[in-house]
Amino acid sequence: MSVVNVHQAKTHLSRLLAQVEAGEEIVIARRGEPVARLVGCKPRGKRQPDVLKGKIVLPEDFFEPLSEDDLGAWEGK
């Protein structure tokens with residue numbers, strides 16, 4: 001784990017991000033006091049179209065207008 005001050009972090013952000021991508025954790029300090037950590041993010045999985053196709057079924061009346069009572073409930077009345 002590396003510790004850098006705010007000025008160094010602003011000046012060398014690209015280099016610090018490369019270190020984080022390589023698995024290192026960076027602590028950013030202000031006047032010697034740690035205030036933030038730069039850590040890597042988990043990579044997002046690849047999107048898969050239609051992954052839920054056939055698993056979700058909408059009732060036949062799903063697109064019908066709401067009753068006055070239901071509409072009032074949604075509107076907080």
# chains A, B, ... in the order shown; residues from 1 in each chain; ligands from 1
$ select_by_dssp --residues "chain A" --states "strand (DSSP E or B)" --output "PyMOL selection string"
chain A and resi 2-5+26-30+33-38
$ residues_around --residues "Glu75 in chain A" --least-positions-apart "6" --cutoff "12 Å" --atoms "only C-alpha atoms" --output "number ranges by chain"
A: 66, 68-69
$ residues_around --residues "Cys41 in chain A" --least-positions-apart "6" --cutoff "12 Å" --atoms "only C-alpha atoms" --output "ChimeraX atom specification"
/A:17,20-25
$ select_by_dssp --residues "chain A" --states "alpha helix (DSSP H)" --output "JSON, numbers by chain"
{"A": [6, 7, 8, 9, 10, 11, 13, 14, 15, 16, 17, 18, 19, 20, 21, 68, 69, 70, 71, 72, 73, 74]}
$ write_last_selection --atoms "C-alpha atoms" --output "tab-separated table (two decimals), in the first residue's frame"
chain	number	residue	atom	x	y	z
A	6	VAL	CA	-3.18	15.24	-2.47
A	7	HIS	CA	-0.79	17.22	-4.69
A	8	GLN	CA	1.01	14.05	-5.78
A	9	ALA	CA	-2.32	12.33	-6.45
A	10	LYS	CA	-3.49	15.20	-8.68
A	11	THR	CA	-0.16	15.41	-10.48
A	13	LEU	CA	-3.25	10.36	-11.27
A	14	SER	CA	-2.63	8.34	-14.45
A	15	ARG	CA	0.38	6.60	-12.90
A	16	LEU	CA	-1.55	5.91	-9.69
A	17	LEU	CA	-4.45	4.44	-11.66
A	18	ALA	CA	-2.03	2.13	-13.47
A	19	GLN	CA	-0.74	0.96	-10.07
A	20	VAL	CA	-4.30	0.35	-8.88
A	21	GLU	CA	-5.05	-1.63	-12.06
A	68	GLU	CA	-59.14	5.25	-9.63
A	69	ASP	CA	-58.26	3.67	-6.25
A	70	ASP	CA	-54.93	2.29	-7.50
A	71	LEU	CA	-54.08	5.55	-9.28
A	72	GLY	CA	-54.85	7.48	-6.10
A	73	ALA	CA	-52.57	5.18	-4.10
A	74	TRP	CA	-49.71	5.75	-6.56
